[in-house]
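Before any comments, here is the structure.
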Amino acid sequence: MRSILPILLIVSLCMISCKKKDEIPVSGVVTIDNTTGLSMTYFVYGFLFSGAEIVSTLNDPPPDITVDSDGAALFFQTNNLKDSFYIYGEYENAGSAEEAFNNLTTVSVSQWTGLAYPVEPDQVWIYRSGSEHYAKIRIVSIVSEDRDNHDYAECTFEWVYQPDGSLTFPGK
């Protein structure tokens, strides 16, 4: 019994100290905007699909996409030196956009564009990262207004990231 007690104690401590690594989500809903910050240089926050997080343009890696406004419309942009956006569809209402988004399990893209322009509610976009990974994006809502003499842009979107490099997404 005395020899078993130290072994049980060691095993118990090992089990307590071993933490399961949190898995990074591959889908969700997020809101990004074009509010600028200043450190040594100007920056904005955008969304990094591979990390499922909002990150600064000063981070390494930087965000996959950021949102901005030209005063007339919102747009997504990226800094990966390739055309990265494809509009899959524009829908009359949120229900039909959500249904198309959920049913989108595979896509074939013939022509990518450099910007997602204009970004409007009830659209579904496909995004291609610089490392050839893909995400599908459903635009939930946007805010486009003048704030402090600046074209403010805000976008809430649902997303599904495909980390395996294919253009096949899980269905709902």
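Quick note on naming: the chains in the structure tokens go A, B, ... in the order shown, residues restart at 1 in each chain, and ligands are numbered from 1 in order of appearance.
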How close does each residue of segment 59-121 of chain A get to segment 25-40 of chain A, giving the shortest atom pair and distance in Å to one decimal for every residue with an atom at most 10 Å away, counting only C-alpha atoms, sorted by chain and residue number, as a Markdown table?
| residue | atom | partner | partner_atom | distance |
| --- | --- | --- | --- | --- |
| A:Ile65 | CA | A:Ile32 | CA | 9.3 |
| A:Thr66 | CA | A:Ile32 | CA | 7.3 |
| A:Val67 | CA | A:Asn34 | CA | 5.9 |
| A:Asp68 | CA | A:Asn34 | CA | 5.5 |
| A:Ser69 | CA | A:Asn34 | CA | 8.1 |
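Within chain A, DSSP applied to the backbone places the following residues in alpha helix (DSSP H): Ile4, Leu5, Pro6, Ile7, Leu8, Leu9, Ile10, Val11, Ser12, Leu13, Cys14, Met15, Ile16, Ser17, Ala94, Gly95, Ser96, Ala97, Glu98, Glu99, Ala100, Phe101, Asn102 and Asn103 of chain A.
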Hey, what's within 9 Å of Ile126 of chain A if we count only C-alpha atoms and toss same-chain stuff fewer than 2 positions away? As a compact mmCIF listing (two decimals) with C-alpha atoms, in the first residue's frame, please?
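And here is the file that came out, part-v1.txt:
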# COMPACT_ATOMS: atom_id res chain seq x y z
CA SER A 84 -8.69 36.65 -53.17
CA PHE A 85 -12.44 37.24 -53.41
CA TYR A 86 -15.30 35.65 -55.34
CA ILE A 87 -18.96 36.57 -54.94
CA TYR A 88 -20.91 33.35 -54.76
CA VAL A 107 -17.53 25.67 -55.14
CA VAL A 109 -14.15 29.61 -58.85
CA VAL A 124 -22.11 35.10 -49.80
CA ARG A 128 -8.75 32.64 -50.75
CA TYR A 134 -10.46 29.09 -48.19
CA ALA A 135 -13.37 30.55 -46.24
CA LYS A 136 -16.99 31.13 -47.08
CA ILE A 137 -18.50 34.34 -45.73
Set the distance at 12 Å and use only C-alpha atoms: which residues neighbour Thr78 of chain A once local chain neighbours fewer than 3 positions away are removed? I'd like the list as a ChimeraX atom specification. /A:45-48,57,62-68,75,81-85,113-116,127-130
Using N, CA and C atoms, can you export the residues from the last selection as a PDB file, in the first residue's frame?
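Just written: part19.pdb:
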ATOM      1  N   TYR A  45      -7.825  46.718 -37.207  1.00  0.00           N
ATOM      2  CA  TYR A  45      -8.025  45.316 -36.858  1.00  0.00           C
ATOM      3  C   TYR A  45      -8.820  44.645 -37.963  1.00  0.00           C
ATOM      4  N   GLY A  46      -8.491  43.400 -38.208  1.00  0.00           N
ATOM      5  CA  GLY A  46      -9.202  42.595 -39.181  1.00  0.00           C
ATOM      6  C   GLY A  46      -9.361  41.194 -38.634  1.00  0.00           C
ATOM      7  N   PHE A  47      -9.755  40.273 -39.494  1.00  0.00           N
ATOM      8  CA  PHE A  47     -10.018  38.908 -39.040  1.00  0.00           C
ATOM      9  C   PHE A  47      -9.033  37.931 -39.648  1.00  0.00           C
ATOM     10  N   LEU A  48      -8.477  37.066 -38.791  1.00  0.00           N
ATOM     11  CA  LEU A  48      -7.553  36.004 -39.194  1.00  0.00           C
ATOM     12  C   LEU A  48      -8.304  34.676 -39.101  1.00  0.00           C
ATOM     13  N   THR A  57      -3.331  44.795 -37.939  1.00  0.00           N
ATOM     14  CA  THR A  57      -2.516  44.707 -39.154  1.00  0.00           C
ATOM     15  C   THR A  57      -1.022  44.738 -38.832  1.00  0.00           C
ATOM     16  N   PRO A  62      -0.640  38.839 -39.955  1.00  0.00           N
ATOM     17  CA  PRO A  62      -1.654  39.895 -39.970  1.00  0.00           C
ATOM     18  C   PRO A  62      -3.027  39.303 -40.292  1.00  0.00           C
ATOM     19  N   PRO A  63      -4.077  40.101 -40.221  1.00  0.00           N
ATOM     20  CA  PRO A  63      -5.410  39.578 -40.550  1.00  0.00           C
ATOM     21  C   PRO A  63      -5.495  39.178 -42.017  1.00  0.00           C
ATOM     22  N   ASP A  64      -6.372  38.218 -42.267  1.00  0.00           N
ATOM     23  CA  ASP A  64      -6.654  37.832 -43.653  1.00  0.00           C
ATOM     24  C   ASP A  64      -7.433  38.928 -44.359  1.00  0.00           C
ATOM     25  N   ILE A  65      -8.452  39.461 -43.683  1.00  0.00           N
ATOM     26  CA  ILE A  65      -9.280  40.494 -44.303  1.00  0.00           C
ATOM     27  C   ILE A  65      -9.487  41.655 -43.345  1.00  0.00           C
ATOM     28  N   THR A  66      -9.630  42.830 -43.940  1.00  0.00           N
ATOM     29  CA  THR A  66     -10.047  44.031 -43.224  1.00  0.00           C
ATOM     30  C   THR A  66     -11.213  44.630 -43.998  1.00  0.00           C
ATOM     31  N   VAL A  67     -11.949  45.507 -43.339  1.00  0.00           N
ATOM     32  CA  VAL A  67     -13.077  46.165 -43.993  1.00  0.00           C
ATOM     33  C   VAL A  67     -12.792  47.663 -44.050  1.00  0.00           C
ATOM     34  N   ASP A  68     -13.254  48.295 -45.113  1.00  0.00           N
ATOM     35  CA  ASP A  68     -13.099  49.739 -45.245  1.00  0.00           C
ATOM     36  C   ASP A  68     -14.246  50.282 -46.078  1.00  0.00           C
ATOM     37  N   PHE A  75     -16.043  47.561 -48.458  1.00  0.00           N
ATOM     38  CA  PHE A  75     -15.313  46.520 -49.176  1.00  0.00           C
ATOM     39  C   PHE A  75     -14.380  45.793 -48.234  1.00  0.00           C
ATOM     40  N   LEU A  81      -1.223  39.773 -51.732  1.00  0.00           N
ATOM     41  CA  LEU A  81      -0.677  39.930 -53.081  1.00  0.00           C
ATOM     42  C   LEU A  81      -1.311  39.029 -54.132  1.00  0.00           C
ATOM     43  N   LYS A  82      -2.568  38.634 -53.922  1.00  0.00           N
ATOM     44  CA  LYS A  82      -3.282  37.894 -54.962  1.00  0.00           C
ATOM     45  C   LYS A  82      -4.751  38.256 -54.922  1.00  0.00           C
ATOM     46  N   ASP A  83      -5.411  38.064 -56.034  1.00  0.00           N
ATOM     47  CA  ASP A  83      -6.858  38.250 -56.072  1.00  0.00           C
ATOM     48  C   ASP A  83      -7.470  37.174 -55.190  1.00  0.00           C
ATOM     49  N   SER A  84      -8.286  37.582 -54.228  1.00  0.00           N
ATOM     50  CA  SER A  84      -8.691  36.652 -53.169  1.00  0.00           C
ATOM     51  C   SER A  84     -10.186  36.550 -52.924  1.00  0.00           C
ATOM     52  N   PHE A  85     -11.014  37.224 -53.702  1.00  0.00           N
ATOM     53  CA  PHE A  85     -12.444  37.239 -53.415  1.00  0.00           C
ATOM     54  C   PHE A  85     -13.260  36.785 -54.620  1.00  0.00           C
ATOM     55  N   THR A 113     -11.301  38.237 -57.626  1.00  0.00           N
ATOM     56  CA  THR A 113     -11.100  39.686 -57.704  1.00  0.00           C
ATOM     57  C   THR A 113     -10.228  40.143 -56.532  1.00  0.00           C
ATOM     58  N   GLY A 114      -9.649  41.318 -56.669  1.00  0.00           N
ATOM     59  CA  GLY A 114      -8.745  41.843 -55.650  1.00  0.00           C
ATOM     60  C   GLY A 114      -9.455  42.352 -54.408  1.00  0.00           C
ATOM     61  N   LEU A 115     -10.661  42.877 -54.579  1.00  0.00           N
ATOM     62  CA  LEU A 115     -11.464  43.387 -53.466  1.00  0.00           C
ATOM     63  C   LEU A 115     -12.824  42.717 -53.485  1.00  0.00           C
ATOM     64  N   ALA A 116     -13.426  42.573 -52.321  1.00  0.00           N
ATOM     65  CA  ALA A 116     -14.833  42.197 -52.254  1.00  0.00           C
ATOM     66  C   ALA A 116     -15.582  43.523 -52.242  1.00  0.00           C
ATOM     67  N   TYR A 127     -13.427  33.448 -49.923  1.00  0.00           N
ATOM     68  CA  TYR A 127     -12.131  34.093 -49.707  1.00  0.00           C
ATOM     69  C   TYR A 127     -11.019  33.065 -49.898  1.00  0.00           C
ATOM     70  N   ARG A 128      -9.937  33.478 -50.556  1.00  0.00           N
ATOM     71  CA  ARG A 128      -8.754  32.640 -50.750  1.00  0.00           C
ATOM     72  C   ARG A 128      -7.563  33.313 -50.083  1.00  0.00           C
ATOM     73  N   SER A 129      -6.919  32.613 -49.160  1.00  0.00           N
ATOM     74  CA  SER A 129      -5.765  33.185 -48.461  1.00  0.00           C
ATOM     75  C   SER A 129      -4.511  33.079 -49.325  1.00  0.00           C
ATOM     76  N   GLY A 130      -3.449  33.713 -48.879  1.00  0.00           N
ATOM     77  CA  GLY A 130      -2.179  33.638 -49.589  1.00  0.00           C
ATOM     78  C   GLY A 130      -1.588  32.249 -49.596  1.00  0.00           C
TER      79      GLY A 130
END
Do a neighbour search on Asp146 of chain A at 9 Å with only C-alpha atoms, toss out local chain neighbours closer than 6 positions, and write the hits as a list in words. Gly71, Tyr152 and Ala153 of chain A
Print the selection's residues with N, CA and C atoms to a file, as a PDB file, in the first residue's frame.
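selection-v7.pdb, written as the output of this step:
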ATOM      1  N   GLY A  71     -16.694  55.703 -48.970  1.00  0.00           N
ATOM      2  CA  GLY A  71     -17.715  56.738 -48.851  1.00  0.00           C
ATOM      3  C   GLY A  71     -19.000  56.361 -49.543  1.00  0.00           C
ATOM      4  N   TYR A 152     -16.774  55.616 -41.762  1.00  0.00           N
ATOM      5  CA  TYR A 152     -16.736  54.463 -40.855  1.00  0.00           C
ATOM      6  C   TYR A 152     -17.367  53.259 -41.543  1.00  0.00           C
ATOM      7  N   ALA A 153     -16.719  52.100 -41.416  1.00  0.00           N
ATOM      8  CA  ALA A 153     -17.209  50.854 -41.989  1.00  0.00           C
ATOM      9  C   ALA A 153     -17.205  49.778 -40.907  1.00  0.00           C
TER      10      ALA A 153
END
What is the atom CA of Tyr117 of chain A to atom CA of Gln77 of chain A distance in Å? 8.9 Å
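The list of residues with at least one atom within 12 Å of Ser96 of chain A, based on only C-alpha atoms and without residues fewer than 3 positions apart in the same chain, reads Gly89, Glu90, Tyr91, Glu92, Asn93, Glu99, Ala100, Phe101, Asn102, Asn103, Pro121, Asp122, Gln123, Val124, Arg138 and Val140 of chain A.
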Selection to disk with N, CA and C atoms, as a short mmCIF file (atom, residue, chain, number, x, y, z; two decimals), in the first residue's frame:
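The file below, out03.cif, is the result:
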data_model
loop_
_atom_site.label_atom_id
_atom_site.label_comp_id
_atom_site.auth_asym_id
_atom_site.auth_seq_id
_atom_site.Cartn_x
_atom_site.Cartn_y
_atom_site.Cartn_z
N GLY A 89 -22.92 34.67 -54.35
CA GLY A 89 -24.30 35.03 -54.63
C GLY A 89 -24.77 36.22 -53.81
N GLU A 90 -25.82 36.88 -54.33
CA GLU A 90 -26.50 37.98 -53.65
C GLU A 90 -27.96 37.56 -53.52
N TYR A 91 -28.53 37.72 -52.32
CA TYR A 91 -29.84 37.17 -52.04
C TYR A 91 -30.80 38.26 -51.58
N GLU A 92 -32.09 37.99 -51.74
CA GLU A 92 -33.11 38.99 -51.45
C GLU A 92 -33.35 39.21 -49.97
N ASN A 93 -33.02 38.22 -49.14
CA ASN A 93 -33.26 38.37 -47.70
C ASN A 93 -32.29 37.48 -46.93
N GLU A 99 -29.66 30.13 -46.09
CA GLU A 99 -29.88 28.81 -46.70
C GLU A 99 -28.81 28.50 -47.75
N ALA A 100 -28.50 29.47 -48.60
CA ALA A 100 -27.46 29.26 -49.62
C ALA A 100 -26.11 29.03 -48.95
N PHE A 101 -25.80 29.79 -47.92
CA PHE A 101 -24.54 29.64 -47.18
C PHE A 101 -24.44 28.25 -46.56
N ASN A 102 -25.49 27.82 -45.89
CA ASN A 102 -25.48 26.51 -45.24
C ASN A 102 -25.40 25.36 -46.24
N ASN A 103 -26.02 25.53 -47.41
CA ASN A 103 -26.01 24.47 -48.43
C ASN A 103 -24.74 24.48 -49.29
N PRO A 121 -25.36 43.38 -47.09
CA PRO A 121 -26.03 42.28 -46.40
C PRO A 121 -26.63 41.27 -47.39
N ASP A 122 -26.69 40.04 -46.94
CA ASP A 122 -27.30 38.93 -47.69
C ASP A 122 -26.49 38.53 -48.92
N GLN A 123 -25.18 38.72 -48.85
CA GLN A 123 -24.27 38.22 -49.88
C GLN A 123 -23.50 37.04 -49.30
N VAL A 124 -23.02 36.17 -50.18
CA VAL A 124 -22.11 35.10 -49.80
C VAL A 124 -20.86 35.25 -50.66
N ARG A 138 -20.79 34.85 -45.11
CA ARG A 138 -22.15 35.37 -45.33
C ARG A 138 -22.26 36.70 -44.62
N VAL A 140 -23.90 39.41 -42.73
CA VAL A 140 -25.09 39.52 -41.88
C VAL A 140 -25.58 40.95 -41.83
#
With distances taken over only C-alpha atoms, the candidate from A:Thr105, A:His150, A:Trp159, A:Pro118 nearest Ala52 of chain A is A:Trp159
As a ChimeraX atom specification, list the residues of chain A assigned to strand (DSSP E or B) by DSSP on the backbone atoms of this structure. /A:27-33,37-38,42-43,45-48,53-56,65-69,74-77,85-90,106,113,116-119,123-128,134-146,151-162,168
